[in-house]
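Participant: Handing over data_19.pdb, PDB, C-alpha atoms.
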MODEL        1
ATOM      1  CA  PRO A   1     109.009  48.574 -88.128
ATOM      2  CA  PHE A   2     105.919  50.817 -87.872
ATOM      3  CA  PHE A   3     102.785  49.702 -86.019
ATOM      4  CA  GLY A   4     100.755  52.908 -86.167
ATOM      5  CA  THR A   5     101.636  53.709 -82.538
ATOM      6  CA  TRP A   6     104.610  52.799 -80.363
ATOM      7  CA  THR A   7     102.986  53.510 -76.999
ATOM      8  CA  GLN A   8     101.672  49.985 -76.533
ATOM      9  CA  TYR A   9     105.010  48.265 -77.152
ATOM     10  CA  THR A  10     108.246  48.279 -75.146
ATOM     11  CA  ASN A  11     110.974  45.746 -75.802
ATOM     12  CA  MET A  12     110.547  43.921 -79.094
ATOM     13  CA  LYS A  13     112.067  40.759 -80.568
ATOM     14  CA  LEU A  14     112.779  40.094 -84.234
ATOM     15  CA  ARG A  15     112.998  36.454 -85.347
ATOM     16  CA  LEU A  16     114.527  35.711 -88.748
ATOM     17  CA  SER A  17     114.598  32.271 -90.346
ATOM     18  CA  ASN A  18     116.116  30.964 -93.568
ATOM     19  CA  GLY A  19     114.293  27.629 -93.253
ATOM     20  CA  GLU A  20     117.188  25.950 -91.464
ATOM     21  CA  THR A  21     118.525  28.398 -88.849
ATOM     22  CA  VAL A  22     116.616  30.832 -86.638
ATOM     23  CA  TYR A  23     118.173  34.142 -85.516
ATOM     24  CA  ASP A  24     116.702  36.263 -82.697
ATOM     25  CA  PHE A  25     117.387  39.981 -82.181
ATOM     26  CA  SER A  26     116.114  42.361 -79.487
ATOM     27  CA  SER A  27     115.339  46.071 -79.616
ATOM     28  CA  GLU A  28     114.164  48.635 -77.074
ATOM     29  CA  GLN A  29     111.246  51.008 -77.561
ATOM     30  CA  TYR A  30     111.554  53.402 -80.531
ATOM     31  CA  LYS A  31     114.685  51.576 -81.714
ATOM     32  CA  ASP A  32     115.426  49.857 -85.015
ATOM     33  CA  PHE A  33     116.899  46.372 -85.199
ATOM     34  CA  GLN A  34     120.548  46.351 -86.296
ATOM     35  CA  ILE A  35     121.550  42.916 -87.569
ATOM     36  CA  ILE A  36     124.425  41.113 -89.277
ATOM     37  CA  LEU A  37     123.604  37.933 -91.201
ATOM     38  CA  PRO A  38     125.203  35.641 -93.783
ATOM     39  CA  LYS A  39     123.857  35.679 -97.332
ATOM     40  CA  GLY A  40     120.481  33.995 -97.711
ATOM     41  CA  THR A  41     116.729  34.500 -97.962
ATOM     42  CA  TYR A  42     115.000  35.299 -94.669
ATOM     43  CA  HIS A  43     111.456  35.560 -93.404
ATOM     44  CA  GLY A  44     110.927  37.685 -90.315
ATOM     45  CA  ARG A  45     108.390  37.798 -87.484
ATOM     46  CA  ILE A  46     108.114  40.327 -84.637
ATOM     47  CA  PHE A  47     107.056  39.615 -81.055
ATOM     48  CA  LYS A  48     106.241  41.687 -77.999
ATOM     49  CA  GLU A  49     108.185  40.992 -74.816
ATOM     50  CA  ASP A  50     105.399  38.680 -73.552
ATOM     51  CA  GLY A  51     105.826  36.446 -76.610
ATOM     52  CA  THR A  52     102.736  37.666 -78.482
ATOM     53  CA  GLU A  53     103.343  37.990 -82.219
ATOM     54  CA  VAL A  54     102.469  41.365 -83.775
ATOM     55  CA  THR A  55     102.101  42.450 -87.386
ATOM     56  CA  ALA A  56     103.561  45.759 -88.520
ATOM     57  CA  LYS A  57     101.908  48.179 -90.920
ATOM     58  CA  HIS A  58     105.243  48.766 -92.630
ATOM     59  CA  ILE A  59     108.797  47.415 -92.350
ATOM     60  CA  GLU A  60     111.798  48.953 -94.076
ATOM     61  CA  VAL A  61     115.154  47.174 -94.470
ATOM     62  CA  VAL A  62     118.053  49.601 -94.908
ATOM     63  CA  PRO A  63     121.743  48.680 -95.401
ATOM     64  CA  ILE A  64     124.206  50.210 -92.930
ATOM     65  CA  GLY A  65     127.204  51.886 -94.504
ATOM     66  CA  GLU A  66     127.916  53.048 -98.013
ATOM     67  CA  LYS A  67     129.076  49.710 -99.409
ATOM     68  CA  PRO A  68     129.232  46.045 -98.311
ATOM     69  CA  LEU A  69     132.186  45.130 -96.126
ATOM     70  CA  CYS A  70     132.302  41.567 -97.472
ATOM     71  CA  SER A  71     131.201  39.545-100.513
ATOM     72  CA  ASN A  72     128.819  37.278 -98.562
ATOM     73  CA  TYR A  73     126.100  39.813 -97.735
ATOM     74  CA  VAL A  74     122.312  40.133 -97.764
ATOM     75  CA  LYS A  75     120.243  42.710 -99.622
ATOM     76  CA  PRO A  76     116.926  44.316 -98.582
ATOM     77  CA  SER A  77     115.192  42.180-101.230
ATOM     78  CA  ASP A  78     116.317  39.032 -99.356
ATOM     79  CA  PHE A  79     113.872  39.775 -96.505
ATOM     80  CA  SER A  80     110.119  39.238 -96.277
ATOM     81  CA  PHE A  81     107.700  40.031 -93.459
ATOM     82  CA  PRO A  82     103.969  39.635 -92.820
ATOM     83  CA  THR A  83     102.377  43.103 -92.901
ATOM     84  CA  LEU A  84      98.839  44.383 -92.569
ATOM     85  CA  SER A  85      96.974  44.712 -95.853
ATOM     86  CA  PRO A  86      95.627  48.172 -96.687
ATOM     87  CA  THR A  87      91.906  48.532 -96.109
ATOM     88  CA  SER A  88      89.603  49.592 -98.906
ATOM     89  CA  THR A  89      85.981  50.670 -99.107
ATOM     90  CA  PRO A  90      83.873  47.719-100.272
ATOM     91  CA  THR A  91      81.869  48.109-103.455
ATOM     92  CA  VAL A  92      78.140  47.557-103.049
ATOM     93  CA  SER A  93      77.037  44.765-105.360
ATOM     94  CA  PRO A  94      73.521  44.133-106.642
ATOM     95  CA  THR A  95      71.436  41.873-104.434
ATOM     96  CA  VAL A  96      71.349  38.323-105.734
ATOM     97  CA  THR A  97      69.903  35.085-104.472
ATOM     98  CA  ALA A  98      72.639  33.133-102.703
ATOM     99  CA  SER A  99      73.325  29.576-103.751
ATOM    100  CA  PRO A 100      73.760  26.902-101.099
ATOM    101  CA  SER A 101      77.371  27.114 -99.894
ATOM    102  CA  VAL A 102      79.771  24.342 -98.975
ATOM    103  CA  THR A 103      82.219  25.078 -96.179
ATOM    104  CA  PRO A 104      85.703  24.489 -97.587
ATOM    105  CA  ASP A 105      88.177  22.310 -95.749
ATOM    106  CA  PRO A 106      90.160  24.652 -93.458
ATOM    107  CA  SER A 107      93.766  25.454 -94.333
ATOM    108  CA  VAL A 108      95.785  25.593 -91.115
ATOM    109  CA  ARG A 109      99.157  25.384 -89.454
ATOM    110  CA  ILE A 110      99.244  23.042 -86.465
ATOM    111  CA  ARG A 111     101.209  24.628 -83.602
ATOM    112  CA  SER A 112     102.034  23.275 -80.145
ATOM    113  CA  VAL A 113     100.997  25.294 -77.087
ATOM    114  CA  VAL A 114     104.401  24.595 -75.513
ATOM    115  CA  ASP A 115     107.209  26.399 -77.397
ATOM    116  CA  LYS A 116     104.876  27.205 -80.347
ATOM    117  CA  MET A 117     106.389  24.530 -82.583
ATOM    118  CA  TYR A 118     104.827  23.859 -86.017
ATOM    119  CA  LEU A 119     104.283  20.465 -87.638
ATOM    120  CA  TRP A 120     106.680  20.689 -90.601
ATOM    121  CA  VAL A 121     107.208  18.371 -93.585
ATOM    122  CA  ARG A 122     109.690  18.468 -96.468
ATOM    123  CA  SER A 123     108.719  17.318 -99.953
ATOM    124  CA  ASP A 124     110.803  14.156 -99.433
ATOM    125  CA  GLY A 125     108.934  13.360 -96.215
ATOM    126  CA  GLY A 126     111.250  14.776 -93.546
ATOM    127  CA  PHE A 127     108.923  15.311 -90.565
ATOM    128  CA  LYS A 128     109.619  17.385 -87.461
ATOM    129  CA  ALA A 129     108.378  20.150 -85.170
ATOM    130  CA  ASN A 130     109.870  23.456 -86.299
ATOM    131  CA  VAL A 131     110.101  26.747 -84.410
ATOM    132  CA  ASP A 132     109.199  28.699 -87.561
ATOM    133  CA  GLU A 133     106.334  28.124 -89.996
ATOM    134  CA  PHE A 134     108.450  29.081 -92.991
ATOM    135  CA  PRO A 135     108.858  28.034 -95.732
ATOM    136  CA  LEU A 136     105.054  28.243 -95.798
ATOM    137  CA  TYR A 137     104.532  25.171 -97.970
ATOM    138  CA  ASN A 138     106.235  22.998 -95.334
ATOM    139  CA  THR A 139     103.599  23.812 -92.698
ATOM    140  CA  ARG A 140     100.355  24.503 -94.591
ATOM    141  CA  ILE A 141      97.893  21.691 -93.880
ATOM    142  CA  ILE A 142      94.402  20.982 -95.193
ATOM    143  CA  LEU A 143      92.041  19.374 -92.679
ATOM    144  CA  LYS A 144      90.070  17.183 -95.063
ATOM    145  CA  LYS A 145      86.793  15.762 -93.785
ATOM    146  CA  GLU A 146      87.006  11.969 -93.728
ATOM    147  CA  THR A 147      84.655   9.169 -92.708
ATOM    148  CA  CYS A 148      85.528   7.960 -89.214
ATOM    149  CA  PRO A 149      86.767   4.341 -89.126
ATOM    150  CA  GLY A 150      84.133   1.727 -88.329
ATOM    151  CA  ILE A 151      86.629   0.077 -86.011
ATOM    152  CA  GLY A 152      88.934   1.138 -83.192
ATOM    153  CA  TYR A 153      88.985   3.910 -80.576
ATOM    154  CA  HIS A 154      86.584   6.494 -82.044
ATOM    155  CA  PHE A 155      84.072   3.803 -83.030
ATOM    156  CA  GLN A 156      84.205   1.852 -79.757
ATOM    157  CA  LEU A 157      83.626   4.969 -77.647
ATOM    158  CA  GLN A 158      80.786   6.049 -79.974
ATOM    159  CA  LEU A 159      82.279   9.527 -80.286
ATOM    160  CA  THR A 160      80.497  12.138 -82.388
ATOM    161  CA  ASN A 161      83.541  14.333 -83.166
ATOM    162  CA  PRO A 162      83.995  14.518 -86.958
ATOM    163  CA  CYS A 163      87.143  12.990 -88.407
ATOM    164  CA  TYR A 164      89.828  14.504 -90.629
ATOM    165  CA  LEU A 165      92.941  13.825 -92.615
ATOM    166  CA  ALA A 166      95.822  16.201 -91.860
ATOM    167  CA  GLN A 167      97.167  16.570 -95.392
ATOM    168  CA  TRP A 168     100.010  18.869 -96.396
ATOM    169  CA  GLU A 169      99.160  20.997 -99.429
ATOM    170  CA  GLU A 170     102.635  20.411-100.827
ATOM    171  CA  ALA A 171     104.979  17.488-100.116
ATOM    172  CA  GLY A 172     102.996  15.320-102.522
ATOM    173  CA  GLY A 173      99.888  15.461-100.336
ATOM    174  CA  ARG A 174     101.511  13.605 -97.459
ATOM    175  CA  ARG A 175      99.205  12.761 -94.539
ATOM    176  CA  LEU A 176      99.906  12.506 -90.816
ATOM    177  CA  TYR A 177      99.695   9.006 -89.321
ATOM    178  CA  ALA A 178     100.230   7.197 -86.006
ATOM    179  CA  GLU A 179     100.656   3.437 -86.215
ATOM    180  CA  ASN A 180      98.746   0.999 -84.045
ATOM    181  CA  GLY A 181     100.616  -0.719 -81.242
ATOM    182  CA  LYS A 182     103.378   1.902 -81.102
ATOM    183  CA  GLU A 183     104.070   4.676 -78.601
ATOM    184  CA  TYR A 184     105.959   7.947 -78.203
ATOM    185  CA  SER A 185     108.104   8.831 -81.246
ATOM    186  CA  ALA A 186     107.766   5.344 -82.769
ATOM    187  CA  GLY A 187     105.372   4.932 -85.681
ATOM    188  CA  VAL A 188     104.576   8.630 -86.180
ATOM    189  CA  GLY A 189     105.169  10.438 -89.464
ATOM    190  CA  THR A 190     103.685  11.282 -92.845
ATOM    191  CA  LYS A 191     103.081   9.206 -95.949
ATOM    192  CA  LYS A 192     101.471   9.247 -99.367
ATOM    193  CA  GLY A 193      99.446   6.542-101.101
ATOM    194  CA  ASP A 194      96.098   5.006-100.181
ATOM    195  CA  ILE A 195      94.271   6.340 -97.126
ATOM    196  CA  GLN A 196      94.614   4.094 -94.073
ATOM    197  CA  ASN A 197      92.654   4.102 -90.817
ATOM    198  CA  ASN A 198      95.681   5.242 -88.824
ATOM    199  CA  GLN A 199      95.778   8.459 -90.888
ATOM    200  CA  VAL A 200      92.343   9.565 -89.639
ATOM    201  CA  TRP A 201      92.196  12.035 -86.721
ATOM    202  CA  PHE A 202      89.680  13.937 -84.626
ATOM    203  CA  LEU A 203      89.901  17.125 -82.583
ATOM    204  CA  ASP A 204      89.206  17.029 -78.846
ATOM    205  CA  GLU A 205      88.825  20.518 -77.359
ATOM    206  CA  THR A 206      90.814  21.167 -74.186
ATOM    207  CA  ASP A 207      91.574  24.058 -71.858
ATOM    208  CA  CYS A 208      94.632  26.001 -73.033
ATOM    209  CA  GLY A 209      96.106  26.251 -69.531
ATOM    210  CA  GLU A 210      98.599  28.718 -68.136
ATOM    211  CA  GLU A 211     101.347  27.505 -70.489
ATOM    212  CA  CYS A 212      99.571  29.081 -73.457
ATOM    213  CA  VAL A 213     100.851  32.560 -74.366
ATOM    214  CA  GLY A 214      99.104  35.042 -76.653
ATOM    215  CA  ASP A 215      95.937  34.025 -78.504
ATOM    216  CA  CYS A 216      94.512  31.487 -76.030
ATOM    217  CA  GLY A 217      90.785  32.175 -75.983
ATOM    218  CA  PRO A 218      88.059  29.588 -75.312
ATOM    219  CA  GLY A 219      87.926  26.884 -77.952
ATOM    220  CA  THR A 220      91.376  27.623 -79.411
ATOM    221  CA  CYS A 221      93.244  24.636 -77.932
ATOM    222  CA  THR A 222      92.770  20.991 -78.807
ATOM    223  CA  LEU A 223      94.118  17.485 -78.504
ATOM    224  CA  ILE A 224      94.849  15.804 -81.834
ATOM    225  CA  ARG A 225      93.651  12.212 -81.447
ATOM    226  CA  ASN A 226      94.018   9.288 -83.815
ATOM    227  CA  ALA A 227      90.570   7.878 -84.578
ATOM    228  CA  ARG A 228      91.828   4.322 -85.083
ATOM    229  CA  ASN A 229      93.939   3.854 -81.950
ATOM    230  CA  GLY A 230      93.388   6.899 -79.724
ATOM    231  CA  ARG A 231      97.028   8.009 -79.775
ATOM    232  CA  SER A 232      97.393  11.736 -79.051
ATOM    233  CA  MET A 233     100.057  13.912 -80.689
ATOM    234  CA  TYR A 234     102.532  15.705 -78.397
ATOM    235  CA  TRP A 235     105.587  17.946 -78.360
ATOM    236  CA  ASN A 236     107.869  17.117 -75.416
ATOM    237  CA  SER A 237     109.843  20.304 -74.800
ATOM    238  CA  PRO A 238     112.536  19.062 -72.371
ATOM    239  CA  ASN A 239     113.702  16.380 -74.809
ATOM    240  CA  ASP A 240     112.685  18.099 -78.073
ATOM    241  CA  VAL A 241     110.696  15.021 -79.090
ATOM    242  CA  LEU A 242     107.669  14.949 -81.409
ATOM    243  CA  GLY A 243     105.463  11.904 -81.056
ATOM    244  CA  ALA A 244     102.156  10.415 -79.976
ATOM    245  CA  SER A 245     100.985   8.794 -76.763
ATOM    246  CA  PRO A 246     100.446   5.058 -76.352
ATOM    247  CA  GLU A 247      97.054   3.772 -77.512
ATOM    248  CA  SER A 248      93.990   4.847 -75.489
ATOM    249  CA  PRO A 249      95.830   7.050 -72.936
ATOM    250  CA  SER A 250      94.124   8.042 -69.704
ATOM    251  CA  ASP A 251      92.200  11.328 -69.591
ATOM    252  CA  ASP A 252      94.429  12.581 -66.756
ATOM    253  CA  SER A 253      97.620  12.124 -68.764
ATOM    254  CA  LEU A 254      96.201  14.214 -71.611
ATOM    255  CA  LEU A 255      95.845  17.245 -69.321
ATOM    256  CA  LYS A 256      99.588  17.829 -69.687
ATOM    257  CA  ALA A 257     100.524  20.869 -71.755
ATOM    258  CA  LYS A 258     102.661  18.822 -74.145
ATOM    259  CA  PHE A 259      99.497  17.296 -75.679
ATOM    260  CA  LYS A 260      97.862  20.655 -76.436
ATOM    261  CA  TRP A 261      97.834  22.208 -79.911
ATOM    262  CA  GLN A 262      96.313  25.135 -81.767
ATOM    263  CA  LEU A 263      95.067  25.349 -85.335
ATOM    264  CA  ILE A 264      96.432  28.574 -86.795
ATOM    265  CA  ASP A 265      94.486  29.939 -89.745
ATOM    266  CA  ALA A 266      96.977  29.751 -92.616
ATOM    267  CA  ASP A 267      95.738  33.016 -94.134
ATOM    268  CA  THR A 268      95.216  35.234 -91.076
ATOM    269  CA  GLY A 269      97.690  33.745 -88.580
ATOM    270  CA  ILE A 270      94.961  33.687 -85.896
ATOM    271  CA  ALA A 271      94.250  30.705 -83.625
ATOM    272  CA  MET A 272      90.973  29.158 -84.779
ATOM    273  CA  ASP A 273      88.000  28.289 -82.572
ATOM    274  CA  ILE A 274      87.945  24.528 -83.068
ATOM    275  CA  THR A 275      84.457  24.160 -81.580
ATOM    276  CA  GLY A 276      83.160  24.789 -85.088
ATOM    277  CA  TYR A 277      84.956  21.649 -86.212
ATOM    278  CA  ASP A 278      84.194  19.188 -83.422
TER     279      ASP A 278
ENDMDL
END
I need this file expressed as structure tokens, please.
Facilitator:
Amino acid sequence: PFFGTWTQYTNMKLRLSNGETVYDFSSEQYKDFQIILPKGTYHGRIFKEDGTEVTAKHIEVVPIGEKPLCSNYVKPSDFSFPTLSPTSTPTVSPTVTASPSVTPDPSVRIRSVVDKMYLWVRSDGGFKANVDEFPLYNTRIILKKETCPGIGYHFQLQLTNPCYLAQWEEAGGRRLYAENGKEYSAGVGTKKGDIQNNQVWFLDETDCGEECVGDCGPGTCTLIRNARNGRSMYWNSPNDVLGASPESPSDDSLLKAKFKWQLIDADTGIAMDITGYD
């Protein structure tokens, strides 16, 4: 991989995923990654030793040896990586009168602060937290503006935070929900069909805390609260459990890192400042 300069990087980590299994490889400064993998299609990401993801200007995949040593092998075309787009000089356009613009619903990936796990949905509805955002269509979510319910937690507390549906672009437009009267992993998932109150959410900005690594600036961390019942989404690292709190949890309990999330811009990969959306 080439980043323009090597002086700012020391030990690097390469993470490859085929959508089911994740493989990690390490490399020292100035070194290439030498890997052996079974046949498949892989998407790769590169991280600095502090866990911060970096994007290379160019990555080259080269086979080792003159010919494959087995029949079950990968080819350079089986790998894909995010790379920086080349910059170009913008063309000056004639001045025109701008029409009123409508801010589009943001396209995001929802990632936990702890372990950087992504909310991930299959087309058949399989729902989990996944260490990798690929395949991209399993994690790409549209935050669709929605009228806040005229009943329940958000209404009773007279909150002004706008409300959203977390709707996957693929997977038949499945939407995140948290059922009333349930707690922890019970009653949390995605579904299609008519919009229900327990599918409506709001963002509640929170301090990222020391557990956040990498892009953790002001306004980039949030609680994801259900507008109908107040349940708050969480990723519980010790038990590898994805769920939501009981209804109307205490403010103190929501200070725990497991309740904190980031909205990652689906096009740039950068943590978004959610203060523009709450």
Participant: Decode the PyMOL selection byres ((chain A and resi 108-111) around 9) for the given file into explicit residues and return them as a list in words.
Facilitator: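 Selected by the PyMOL selection byres ((chain A and resi 108-111) around 9) in this file: Pro106, Ser107, Ser112, Val113, Val114, Asp115, Lys116, Met117, Tyr118, Leu119, Trp120, Ala129, Glu133, Thr139, Arg140, Ile141, Ile142, Leu143, Lys260, Trp261, Gln262, Leu263, Ile264, Asp265, Ala266, Asp267, Gly269 and Met272 of chain A.
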Participant: Put a box with edges along x, y and z around all the listed atoms of range 206-224 of chain A, pad it by 6 Å on each side, then give me its centre and sizes in Å, one decimal, as lines of an AutoDock Vina configuration file.
Facilitator:
center_x = 94.6
center_y = 25.4
center_z = -75.0
size_x = 25.4
size_y = 31.2
size_z = 25.7
Participant: Could you expand the PyMOL selection byres ((chain A and resi 148) around 6) into the explicit residues it covers here, written as a list in words?
Facilitator: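 So the PyMOL selection byres ((chain A and resi 148) around 6), applied here, picks out Thr147, Pro149 and Cys163 of chain A.
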Participant: As a check of understanding, name the residues that the PyMOL selection byres ((chain A and resi 243) around 9) selects in the supplied structure, as a ChimeraX atom specification.
Facilitator: /A:178,183-189,232-236,241-242,244-245
Participant: Interatomic distance between CA of Phe134 in chain A and CA of Asn197 in chain A?
Facilitator: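 So the two atoms, CA of Phe134 in chain A and CA of Asn197 in chain A, lie 29.6 Å apart.
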Participant: Of the candidates A:Ala271, A:Val74, A:Thr55, A:Arg122, which one gets nearest to Asp215 in chain A if we count only C-alpha atoms?
Facilitator: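 For Asp215 in chain A, the nearest of the given residues is A:Ala271.
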Participant: Please provide the set of residues having any atom within 12 Å of Gly209 in chain A, restricted to all atoms listed in the file, with same-chain residues fewer than 4 positions apart removed, written as an NGL selection string.
Facilitator: :A and (113-114 or 213-222 or 255-261)
Participant: Return the single residue from A:Ser71, A:Arg231, A:Pro249, A:Asp204 that is closest to Thr275 in chain A, with distances computed using all atoms listed in the file.
Facilitator: A:Asp204
Participant: Check the smallest atom-to-atom distance from each of A:Asn239, A:Asn229, A:Ser26, A:Ser250 to Ile151 in chain A using all atoms listed in the file, then report the winner.
Facilitator: A:Asn229
